[in-house]
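Read through the structure below, which is laid out as structure tokens, and then see the notes.
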2 protein chains.
Amino acid sequence: MPASAPWSAAVGQGGGVLRSVDIGALELEAGGELPTVTLAFECWGVLNAAGTNAVLIQHALTGSTHVSRGDSEEDGWWEGLVGPGEVIDTDKYFVVAANMLGGCYGTTGPSSIAADGAPYGSRFPLVTIRDSVVAEARLADRLGITSWHAVIGGSMGGARALEWAVTFPERVRRCAVVASCAASTAEQIAFSQAQVLAIRQDPHFAGGDYYDGAAPTSGLGLARRIAHITYRSETEMEQRFGRAAQDGENPLHLGRLRPVVGGSFAGRYQVESYLDHQARKLVSRFDANSYIVITEALMSHDVTRGRGTLTQALTRTEGVQFLVAAVSSDRLYFPSQSQELAAALPGDVKVHNIDSAIGHDGFLTEVGTVGDLLRESFFAQ
Amino acid sequence: MPASAPWSAAVGQGGGVLRSVDIGALELEAGGELPTVTLAFECWGVLNAAGTNAVLIQHALTGSTHVSRGDSEEDGWWEGLVGPGEVIDTDKYFVVAANMLGGCYGTTGPSSIAADGAPYGSRFPLVTIRDSVVAEARLADRLGITSWHAVIGGSMGGARALEWAVTFPERVRRCAVVASCAASTAEQIAFSQAQVLAIRQDPHFAGGDYYDGAAPTSGLGLARRIAHITYRSETEMEQRFGRAAQDGENPLHLGRLRPVVGGSFAGRYQVESYLDHQARKLVSRFDANSYIVITEALMSHDVTRGRGTLTQALTRTEGVQFLVAAVSSDRLYFPSQSQELAAALPGDVKVHNIDSAIGHDGFLTEVGTVGDLLRESFFAQ
């Protein structure tokens, strides 16, 4: 389909349905290439003839393209933000969300079938946030988007949004970086390493080539537990669970140390049961190799790589309007990291506070605040 | 040996050498019993005839009885605090450190041989902080200690010290609780669960009965990595490592995703190499089952269990002089937990600040500050 014909006109404007395009071969920042890449995406609304009313919403680590329900049956992860008459009004804007390179929601990733007919598995290469952004730029080309009205993301999505603005400043008019940072820190790398190891050490991982056998679900579940703790604040967990025992279980039971069928243990604290639940939920919807690939990509996140100091790296974004926001209780992406980013951006950028006791996940749960900030900054009538 | 003869006279006063006593069968708080328990300990100095000049120093999670070099060749974990002329002057005090119940430094634990001639392994029962304190009280009886001049501990050692004061207030004249708390919180339980699971999910764990085969070193190493991140502050890790690559390695190398011999991966960040090192060190000195047993004991820590509110539980410590101290940057045992404890203790107890940017481990690294606080509070001449 030629870029001159608004792509979105052919797919309907209700959106919320997964689509995909082939964007060809992709050379990778760390070396090597993916010989063919499919990008999966969803879109809502209609692209204007000039290709200038598009908004890109970038998902977080295990997020998907499903930002908003649209014509589907399932609520999106930022439900209420995108739609007719909503903050990002699909009567005016063409909204796109792409599944990140290496993901498992339709974009080429380790579970995709390589040229030889077998899944990539262990052969899937290291990809970076920048690789994903380059791939997404190709998607923008295919869709006929000349420059984004805004690129918006939280957490790893914020890293992707920022990298977009720095890599293609002429194609990004506004950029929202929520609960994110300019570069992953030592601690973020450390927690990531633990998560990656949890998966690699699962006997079912088989070096990444597990697709013809049992999946490394225990390892992926453990990775999620570790991650989820960092997504929540100490206070939130304490107020919600404290030291309470799970209903009908006794953490002080002598039998606690003995495994019950299925890998769980008798006598859990409520917070353990909660994390078991989070683990089960993720395991049922996510591929372990994709978890590793995207986590490694996030570890690589550093907008300064090859671009000098942070201030130097960000100079090229002079024409981009920024919205930087941090969750007050975030202890994975500390508000101080947002401050550091804002201070280094050209012009006078302030950090908006998302007031929440919940921790990092506040960027998802406080969708009302995020919406208000976006409306004020980028979508005022 | 009769309790009337100062036990320490027979073992020499230089100390720093591992000793052990059989304290008989032990009924456990969660049910069941250990039919025979050996407690390993070290001691320094000489017990006076009245049995009143003894000081008990309680180790942390993976700590040992080796607080101080004494006559040994190896520095202790609180080196400089205990010895002739030191803060805890062994010319005046008889200092004891006992390996916790379930440990792997001489005290009966899962690697000990049960009555049937095989290691306990998976048969080792759930023990609590209280069980360990009851065992240590038996040790005090054997040593002829009528009441402790002081019971002192940091981190889990602080939990053990506090539990001593609450369980046997008539036998504890002073109690120092450093970088610890009245009860493990939801977050502490959550991080503990992740560590325990990391071990259990190691294929070599074999349900805990691995002593005739390979040990679950990968799992124990991962548990240590998770724990170690919580022992250090975000700031400390960032200033020390940032995003630096390990010497001679390239984290952006395409080969990063492929395992190298021995389970490590090409192209690590420096902080990953550091955590690999911490993991290797622990694995070479600690038993995985003991790690689980002691972690589960710490999860059980709650001085209020069966004793009403925190204030009610602590009322019985009216005659005990307390020293409560917190590390300013601790994000595992938050200073607020020390505040909560101090506020609930009888009388006017303030929280002393151990100023350190390092995080929880400050209770070990800031031995000078800990010594000053102990001197002022408990060992003034």
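Just remember, in the structure tokens the first chain shown is A, the second B, etc., residues are 1-based per chain, and ligands are 1-based in the order shown.
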
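All of the residues in chain B within 7 Å of chain A are Ala30, Gly31, Pro125, Leu126, Thr185, Ala186, Glu187, Ala190, Gln193, Ala194, Ala198, Gln201, Asp202, Pro203, Leu222, Arg225, Ile226, Glu234, Met237, Glu238, Phe241, Gly242, Arg243, Leu252, His253, Leu254, Leu257, Val271 and Glu272 of chain B, where only C-alpha atoms were counted.
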
Output N, CA and C atoms for every residue in that selection, as a PDB file, in the first residue's frame.
ATOM      1  N   ALA B  30       6.746 -24.288  65.790  1.00  0.00           N
ATOM      2  CA  ALA B  30       5.773 -24.638  64.755  1.00  0.00           C
ATOM      3  C   ALA B  30       5.313 -26.087  64.858  1.00  0.00           C
ATOM      4  N   GLY B  31       5.818 -26.805  65.852  1.00  0.00           N
ATOM      5  CA  GLY B  31       5.462 -28.214  66.001  1.00  0.00           C
ATOM      6  C   GLY B  31       6.643 -29.106  65.691  1.00  0.00           C
ATOM      7  N   PRO B 125      13.061 -29.528  59.986  1.00  0.00           N
ATOM      8  CA  PRO B 125      11.778 -28.835  60.200  1.00  0.00           C
ATOM      9  C   PRO B 125      11.892 -27.314  60.102  1.00  0.00           C
ATOM     10  N   LEU B 126      10.743 -26.668  60.061  1.00  0.00           N
ATOM     11  CA  LEU B 126      10.686 -25.208  60.139  1.00  0.00           C
ATOM     12  C   LEU B 126      11.105 -24.771  61.537  1.00  0.00           C
ATOM     13  N   THR B 185       8.542  -7.495  57.404  1.00  0.00           N
ATOM     14  CA  THR B 185       7.443  -6.864  56.676  1.00  0.00           C
ATOM     15  C   THR B 185       7.057  -7.674  55.438  1.00  0.00           C
ATOM     16  N   ALA B 186       5.978  -7.250  54.826  1.00  0.00           N
ATOM     17  CA  ALA B 186       5.513  -7.899  53.591  1.00  0.00           C
ATOM     18  C   ALA B 186       6.618  -7.885  52.537  1.00  0.00           C
ATOM     19  N   GLU B 187       7.315  -6.767  52.404  1.00  0.00           N
ATOM     20  CA  GLU B 187       8.361  -6.702  51.387  1.00  0.00           C
ATOM     21  C   GLU B 187       9.520  -7.624  51.723  1.00  0.00           C
ATOM     22  N   ALA B 190       8.502 -10.944  50.842  1.00  0.00           N
ATOM     23  CA  ALA B 190       8.466 -11.094  49.382  1.00  0.00           C
ATOM     24  C   ALA B 190       9.873 -11.350  48.821  1.00  0.00           C
ATOM     25  N   GLN B 193      10.899 -14.836  49.772  1.00  0.00           N
ATOM     26  CA  GLN B 193      10.267 -15.870  48.953  1.00  0.00           C
ATOM     27  C   GLN B 193      11.029 -16.065  47.643  1.00  0.00           C
ATOM     28  N   ALA B 194      11.396 -14.945  47.015  1.00  0.00           N
ATOM     29  CA  ALA B 194      12.115 -15.034  45.740  1.00  0.00           C
ATOM     30  C   ALA B 194      13.431 -15.786  45.931  1.00  0.00           C
ATOM     31  N   ALA B 198      14.435 -19.374  44.300  1.00  0.00           N
ATOM     32  CA  ALA B 198      15.613 -19.486  43.429  1.00  0.00           C
ATOM     33  C   ALA B 198      16.360 -20.778  43.737  1.00  0.00           C
ATOM     34  N   GLN B 201      14.117 -24.033  42.914  1.00  0.00           N
ATOM     35  CA  GLN B 201      13.931 -24.290  41.482  1.00  0.00           C
ATOM     36  C   GLN B 201      15.221 -24.742  40.797  1.00  0.00           C
ATOM     37  N   ASP B 202      16.310 -24.773  41.529  1.00  0.00           N
ATOM     38  CA  ASP B 202      17.541 -25.319  40.952  1.00  0.00           C
ATOM     39  C   ASP B 202      17.360 -26.830  40.802  1.00  0.00           C
ATOM     40  N   PRO B 203      17.598 -27.365  39.598  1.00  0.00           N
ATOM     41  CA  PRO B 203      17.369 -28.817  39.405  1.00  0.00           C
ATOM     42  C   PRO B 203      18.212 -29.675  40.355  1.00  0.00           C
ATOM     43  N   LEU B 222      21.872 -17.284  42.819  1.00  0.00           N
ATOM     44  CA  LEU B 222      20.842 -16.316  42.443  1.00  0.00           C
ATOM     45  C   LEU B 222      20.195 -15.713  43.684  1.00  0.00           C
ATOM     46  N   ARG B 225      22.420 -13.069  44.891  1.00  0.00           N
ATOM     47  CA  ARG B 225      22.386 -11.855  44.067  1.00  0.00           C
ATOM     48  C   ARG B 225      21.178 -10.991  44.447  1.00  0.00           C
ATOM     49  N   ILE B 226      20.016 -11.636  44.524  1.00  0.00           N
ATOM     50  CA  ILE B 226      18.803 -10.881  44.879  1.00  0.00           C
ATOM     51  C   ILE B 226      19.013 -10.202  46.228  1.00  0.00           C
ATOM     52  N   GLU B 234      20.797   2.012  46.121  1.00  0.00           N
ATOM     53  CA  GLU B 234      20.823   2.324  44.693  1.00  0.00           C
ATOM     54  C   GLU B 234      21.986   3.271  44.399  1.00  0.00           C
ATOM     55  N   MET B 237      25.491   1.545  44.466  1.00  0.00           N
ATOM     56  CA  MET B 237      25.749   0.762  43.254  1.00  0.00           C
ATOM     57  C   MET B 237      26.002   1.675  42.062  1.00  0.00           C
ATOM     58  N   GLU B 238      25.251   2.773  41.988  1.00  0.00           N
ATOM     59  CA  GLU B 238      25.399   3.672  40.845  1.00  0.00           C
ATOM     60  C   GLU B 238      26.771   4.346  40.858  1.00  0.00           C
ATOM     61  N   PHE B 241      29.539   1.466  40.258  1.00  0.00           N
ATOM     62  CA  PHE B 241      29.570   0.735  38.986  1.00  0.00           C
ATOM     63  C   PHE B 241      28.932   1.495  37.826  1.00  0.00           C
ATOM     64  N   GLY B 242      27.879   2.229  38.104  1.00  0.00           N
ATOM     65  CA  GLY B 242      27.153   2.889  37.016  1.00  0.00           C
ATOM     66  C   GLY B 242      26.824   1.893  35.918  1.00  0.00           C
ATOM     67  N   ARG B 243      27.059   2.308  34.694  1.00  0.00           N
ATOM     68  CA  ARG B 243      26.779   1.432  33.551  1.00  0.00           C
ATOM     69  C   ARG B 243      28.065   0.869  32.957  1.00  0.00           C
ATOM     70  N   LEU B 252      27.301  -5.015  24.945  1.00  0.00           N
ATOM     71  CA  LEU B 252      26.534  -4.884  23.701  1.00  0.00           C
ATOM     72  C   LEU B 252      27.019  -5.854  22.632  1.00  0.00           C
ATOM     73  N   HIS B 253      27.786  -6.818  23.051  1.00  0.00           N
ATOM     74  CA  HIS B 253      28.233  -7.804  22.081  1.00  0.00           C
ATOM     75  C   HIS B 253      27.075  -8.724  21.718  1.00  0.00           C
ATOM     76  N   LEU B 254      26.989  -8.993  20.458  1.00  0.00           N
ATOM     77  CA  LEU B 254      25.921  -9.856  19.958  1.00  0.00           C
ATOM     78  C   LEU B 254      25.907 -11.199  20.690  1.00  0.00           C
ATOM     79  N   LEU B 257      24.023 -12.994  24.511  1.00  0.00           N
ATOM     80  CA  LEU B 257      22.892 -13.855  24.840  1.00  0.00           C
ATOM     81  C   LEU B 257      23.271 -15.336  24.876  1.00  0.00           C
ATOM     82  N   VAL B 271      28.478  -4.269  37.277  1.00  0.00           N
ATOM     83  CA  VAL B 271      27.650  -4.618  38.435  1.00  0.00           C
ATOM     84  C   VAL B 271      27.232  -6.087  38.370  1.00  0.00           C
ATOM     85  N   GLU B 272      27.106  -6.627  37.161  1.00  0.00           N
ATOM     86  CA  GLU B 272      26.783  -8.053  37.037  1.00  0.00           C
ATOM     87  C   GLU B 272      27.956  -8.910  37.501  1.00  0.00           C
TER      88      GLU B 272
END

Test item: residues at most 8 Å from segment 153-166 of chain B, only C-alpha atoms, excluding those fewer than 4 positions along its chain, as an mmCIF file with N, CA, C and O atoms, in the first residue's frame:
data_model
loop_
_atom_site.group_PDB
_atom_site.id
_atom_site.type_symbol
_atom_site.label_atom_id
_atom_site.label_comp_id
_atom_site.auth_asym_id
_atom_site.auth_seq_id
_atom_site.Cartn_x
_atom_site.Cartn_y
_atom_site.Cartn_z
ATOM 1 N N ILE B 57 26.730 -11.948 70.975
ATOM 2 C CA ILE B 57 26.688 -11.245 69.691
ATOM 3 C C ILE B 57 26.060 -12.163 68.649
ATOM 4 O O ILE B 57 26.535 -13.273 68.417
ATOM 5 N N GLN B 58 24.988 -11.671 68.050
ATOM 6 C CA GLN B 58 24.173 -12.499 67.156
ATOM 7 C C GLN B 58 24.448 -12.168 65.691
ATOM 8 O O GLN B 58 24.350 -11.017 65.279
ATOM 9 N N HIS B 59 24.765 -13.209 64.928
ATOM 10 C CA HIS B 59 25.101 -12.974 63.521
ATOM 11 C C HIS B 59 23.859 -12.787 62.649
ATOM 12 O O HIS B 59 22.748 -13.136 63.033
ATOM 13 N N ALA B 60 24.109 -12.279 61.456
ATOM 14 C CA ALA B 60 23.044 -12.052 60.482
ATOM 15 C C ALA B 60 22.838 -13.307 59.619
ATOM 16 O O ALA B 60 23.431 -14.349 59.880
ATOM 17 N N LEU B 61 22.014 -13.176 58.590
ATOM 18 C CA LEU B 61 21.519 -14.316 57.812
ATOM 19 C C LEU B 61 22.574 -15.361 57.462
ATOM 20 O O LEU B 61 22.408 -16.542 57.758
ATOM 21 N N ILE B 129 12.873 -17.815 64.757
ATOM 22 C CA ILE B 129 13.849 -17.032 65.527
ATOM 23 C C ILE B 129 13.721 -17.422 67.007
ATOM 24 O O ILE B 129 14.721 -17.554 67.725
ATOM 25 N N ARG B 130 12.503 -17.625 67.447
ATOM 26 C CA ARG B 130 12.282 -17.995 68.863
ATOM 27 C C ARG B 130 12.903 -19.335 69.210
ATOM 28 O O ARG B 130 13.440 -19.516 70.310
ATOM 29 N N SER B 132 15.517 -20.574 67.933
ATOM 30 C CA SER B 132 16.954 -20.377 68.040
ATOM 31 C C SER B 132 17.305 -19.743 69.380
ATOM 32 O O SER B 132 18.291 -20.115 70.022
ATOM 33 N N VAL B 133 16.488 -18.809 69.800
ATOM 34 C CA VAL B 133 16.742 -18.131 71.082
ATOM 35 C C VAL B 133 16.600 -19.122 72.242
ATOM 36 O O VAL B 133 17.399 -19.101 73.193
ATOM 37 N N ARG B 171 16.991 -12.254 81.796
ATOM 38 C CA ARG B 171 18.356 -12.717 81.503
ATOM 39 C C ARG B 171 19.113 -11.774 80.571
ATOM 40 O O ARG B 171 20.223 -12.080 80.146
ATOM 41 N N VAL B 172 18.478 -10.659 80.220
ATOM 42 C CA VAL B 172 19.101 -9.695 79.301
ATOM 43 C C VAL B 172 19.076 -8.315 79.957
ATOM 44 O O VAL B 172 18.007 -7.741 80.145
ATOM 45 N N CYS B 175 20.220 -4.622 75.440
ATOM 46 C CA CYS B 175 19.928 -5.237 74.134
ATOM 47 C C CYS B 175 20.132 -4.216 73.018
ATOM 48 O O CYS B 175 19.530 -3.140 73.039
ATOM 49 N N ALA B 176 20.989 -4.557 72.065
ATOM 50 C CA ALA B 176 21.225 -3.675 70.912
ATOM 51 C C ALA B 176 20.602 -4.284 69.665
ATOM 52 O O ALA B 176 20.931 -5.409 69.287
ATOM 53 N N VAL B 177 19.721 -3.529 69.055
ATOM 54 C CA VAL B 177 19.032 -3.969 67.837
ATOM 55 C C VAL B 177 19.448 -3.008 66.720
ATOM 56 O O VAL B 177 19.009 -1.865 66.677
ATOM 57 N N VAL B 178 20.289 -3.485 65.838
ATOM 58 C CA VAL B 178 20.895 -2.624 64.823
ATOM 59 C C VAL B 178 20.371 -3.010 63.437
ATOM 60 O O VAL B 178 20.411 -4.190 63.061
ATOM 61 N N ALA B 179 19.885 -2.032 62.702
ATOM 62 C CA ALA B 179 19.426 -2.259 61.325
ATOM 63 C C ALA B 179 18.474 -3.451 61.270
ATOM 64 O O ALA B 179 18.617 -4.355 60.449
ATOM 65 N N SER B 180 17.506 -3.437 62.170
ATOM 66 C CA SER B 180 16.586 -4.568 62.249
ATOM 67 C C SER B 180 15.174 -4.073 62.522
ATOM 68 O O SER B 180 14.860 -2.910 62.241
ATOM 69 N N CYS B 181 14.331 -4.926 63.069
ATOM 70 C CA CYS B 181 12.922 -4.572 63.176
ATOM 71 C C CYS B 181 12.203 -5.486 64.161
ATOM 72 O O CYS B 181 12.751 -6.491 64.596
ATOM 73 N N ALA B 182 10.970 -5.125 64.466
ATOM 74 C CA ALA B 182 10.152 -5.907 65.394
ATOM 75 C C ALA B 182 9.489 -7.095 64.707
ATOM 76 O O ALA B 182 9.149 -8.083 65.358
ATOM 77 N N ALA B 183 9.316 -6.981 63.406
ATOM 78 C CA ALA B 183 8.662 -8.060 62.651
ATOM 79 C C ALA B 183 9.002 -7.884 61.186
ATOM 80 O O ALA B 183 9.033 -6.767 60.678
ATOM 81 N N LEU B 298 13.641 -16.100 59.386
ATOM 82 C CA LEU B 298 13.564 -14.635 59.389
ATOM 83 C C LEU B 298 12.188 -14.164 58.920
ATOM 84 O O LEU B 298 11.641 -13.186 59.434
ATOM 85 N N HIS B 301 9.875 -13.951 61.718
ATOM 86 C CA HIS B 301 10.187 -13.020 62.811
ATOM 87 C C HIS B 301 9.045 -12.049 63.094
ATOM 88 O O HIS B 301 8.632 -11.284 62.218
ATOM 89 N N VAL B 303 7.936 -10.306 66.935
ATOM 90 C CA VAL B 303 7.927 -10.379 68.404
ATOM 91 C C VAL B 303 6.528 -10.302 68.981
ATOM 92 O O VAL B 303 6.318 -10.609 70.153
ATOM 93 N N ALA B 313 3.641 -6.504 73.673
ATOM 94 C CA ALA B 313 4.705 -7.519 73.586
ATOM 95 C C ALA B 313 5.994 -7.016 74.217
ATOM 96 O O ALA B 313 6.753 -7.788 74.818
ATOM 97 N N LEU B 314 6.230 -5.716 74.072
ATOM 98 C CA LEU B 314 7.505 -5.163 74.538
ATOM 99 C C LEU B 314 7.463 -4.740 76.001
ATOM 100 O O LEU B 314 8.507 -4.437 76.596
ATOM 101 N N ARG B 316 7.177 -6.395 78.620
ATOM 102 C CA ARG B 316 7.977 -7.276 79.473
ATOM 103 C C ARG B 316 9.473 -6.928 79.453
ATOM 104 O O ARG B 316 10.225 -7.424 80.265
ATOM 105 N N THR B 317 9.904 -6.066 78.517
ATOM 106 C CA THR B 317 11.324 -5.705 78.449
ATOM 107 C C THR B 317 11.627 -4.461 79.272
ATOM 108 O O THR B 317 12.683 -3.846 79.108
ATOM 109 N N VAL B 320 15.022 -3.894 80.599
ATOM 110 C CA VAL B 320 16.145 -4.022 79.659
ATOM 111 C C VAL B 320 16.495 -2.649 79.090
ATOM 112 O O VAL B 320 15.612 -1.891 78.693
ATOM 113 N N TYR B 333 15.891 -2.905 55.761
ATOM 114 C CA TYR B 333 15.336 -2.625 57.087
ATOM 115 C C TYR B 333 15.279 -1.111 57.224
ATOM 116 O O TYR B 333 16.219 -0.496 57.710
ATOM 117 N N PHE B 363 25.568 -1.742 58.562
ATOM 118 C CA PHE B 363 25.712 -2.282 59.932
ATOM 119 C C PHE B 363 26.993 -3.106 60.054
ATOM 120 O O PHE B 363 27.518 -3.289 61.151
#

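Rounded to one decimal, atom CA of Asp355 of chain B and atom CA of Leu373 of chain B lie 12.1 Å from each other.
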
Within segment 189-255 of chain A, find each residue whose DSSP state, derived from the backbone, is alpha helix (DSSP H), and express the selection as a PyMOL selection string. chain A and resi 189-200+217-231+234-240

Show which residues sit within 9 Å of segment 34-38 of chain B, as a ChimeraX atom specification. Count only C-alpha atoms, and ignore same-chain residues fewer than 3 positions away. /B:20-28,101,106-109,114-115,124-125,135

Would you kindly return, as number ranges by chain, each protein, DNA or RNA residue with an atom no farther than 9 Å from any atom of segment 342-353 of chain B, considering only C-alpha atoms and excluding same-chain residues fewer than 3 positions away? B: 310-312, 314-328, 335, 337-339, 356, 373

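Between atom CA of Ile113 of chain B and atom CA of Phe41 of chain B the separation is 18.6 Å.
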
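Taking atom CA of Phe286 of chain A and atom CA of Tyr210 of chain A as the two end points, the separation is 14.0 Å.
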
Segment 122-333 of chain A: residues DSSP assigns to strand (DSSP E or B), reported as a PyMOL selection string: chain A and resi 148-154+172+174-178+183+245+259+265+269+302+321-327

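Comparing the minimum interatomic distances between Gly85 of chain A and each of A:Arg307, A:Val67, A:Ile358, A:Gly45, counting only C-alpha atoms, we find that A:Gly45 sits nearest.
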
Distance criterion (only C-alpha atoms): nearest to Ile152 of chain B out of B:Phe378, B:Trp44, B:Ser112, B:Glu340: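 Of B:Phe378, B:Trp44, B:Ser112, B:Glu340, the one nearest Ile152 of chain B is B:Phe378, counting only C-alpha atoms.
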
Selection: 10 Å around Pro84 of chain B, only C-alpha atoms, excl. self and same-chain fewer than 2 positions, as a VMD selection string: chain B and resid 14 44 to 45 70 80 to 82 86 to 93

For Ile145 of chain B, please output as a list in words all residues within 10 Å (counting only C-alpha atoms; exclusion window: fewer than 4 positions along the same chain). Ala3, Ser4, Pro6, Trp7, Leu47, Asn48, Ala49, Ala50, Gly51, Thr52, Asn53, Ala54, Val55, Phe94, Ala137, Arg138, Leu139, Ala140, Asp141, His149 and Arg171 of chain B

Would you output that residue set with N, CA and C atoms, as a compact mmCIF listing (two decimals), in the first residue's frame?
# COMPACT_ATOMS: atom_id res chain seq x y z
N ALA B 3 28.04 -26.02 85.74
CA ALA B 3 27.89 -24.61 85.41
C ALA B 3 28.65 -23.72 86.39
N SER B 4 28.94 -24.25 87.57
CA SER B 4 29.61 -23.43 88.58
C SER B 4 31.07 -23.15 88.21
N PRO B 6 33.53 -21.76 85.76
CA PRO B 6 33.46 -20.95 84.54
C PRO B 6 33.98 -21.75 83.34
N TRP B 7 33.05 -22.01 82.41
CA TRP B 7 33.31 -22.85 81.26
C TRP B 7 34.48 -22.28 80.47
N LEU B 47 34.53 -15.81 81.69
CA LEU B 47 33.28 -15.56 82.42
C LEU B 47 33.59 -15.37 83.90
N ASN B 48 32.98 -14.37 84.52
CA ASN B 48 33.21 -14.18 85.95
C ASN B 48 32.42 -15.22 86.77
N ALA B 49 32.73 -15.28 88.05
CA ALA B 49 32.14 -16.33 88.89
C ALA B 49 30.63 -16.19 88.99
N ALA B 50 30.15 -14.95 88.95
CA ALA B 50 28.70 -14.73 89.07
C ALA B 50 27.97 -15.01 87.75
N GLY B 51 28.74 -15.15 86.69
CA GLY B 51 28.12 -15.41 85.37
C GLY B 51 27.37 -14.21 84.85
N THR B 52 27.89 -13.03 85.10
CA THR B 52 27.15 -11.80 84.75
C THR B 52 27.89 -10.90 83.76
N ASN B 53 29.08 -11.28 83.37
CA ASN B 53 29.85 -10.37 82.48
C ASN B 53 29.85 -10.85 81.02
N ALA B 54 28.84 -11.62 80.67
CA ALA B 54 28.83 -12.19 79.31
C ALA B 54 28.07 -11.30 78.32
N VAL B 55 28.55 -11.32 77.11
CA VAL B 55 27.93 -10.56 76.02
C VAL B 55 27.66 -11.53 74.87
N PHE B 94 33.08 -11.61 78.86
CA PHE B 94 33.10 -12.93 78.22
C PHE B 94 32.14 -12.86 77.03
N ALA B 137 19.48 -20.09 74.87
CA ALA B 137 19.31 -20.00 76.33
C ALA B 137 19.88 -21.27 77.00
N ARG B 138 19.70 -22.39 76.32
CA ARG B 138 20.28 -23.63 76.84
C ARG B 138 21.82 -23.54 76.84
N LEU B 139 22.34 -22.95 75.77
CA LEU B 139 23.79 -22.75 75.71
C LEU B 139 24.25 -21.87 76.87
N ALA B 140 23.50 -20.80 77.13
CA ALA B 140 23.84 -19.90 78.25
C ALA B 140 23.85 -20.68 79.56
N ASP B 141 22.86 -21.56 79.72
CA ASP B 141 22.83 -22.41 80.92
C ASP B 141 24.11 -23.23 81.04
N HIS B 149 25.22 -9.39 80.15
CA HIS B 149 25.47 -7.95 80.23
C HIS B 149 24.80 -7.26 79.05
N ARG B 171 16.99 -12.25 81.80
CA ARG B 171 18.36 -12.72 81.50
C ARG B 171 19.11 -11.77 80.57
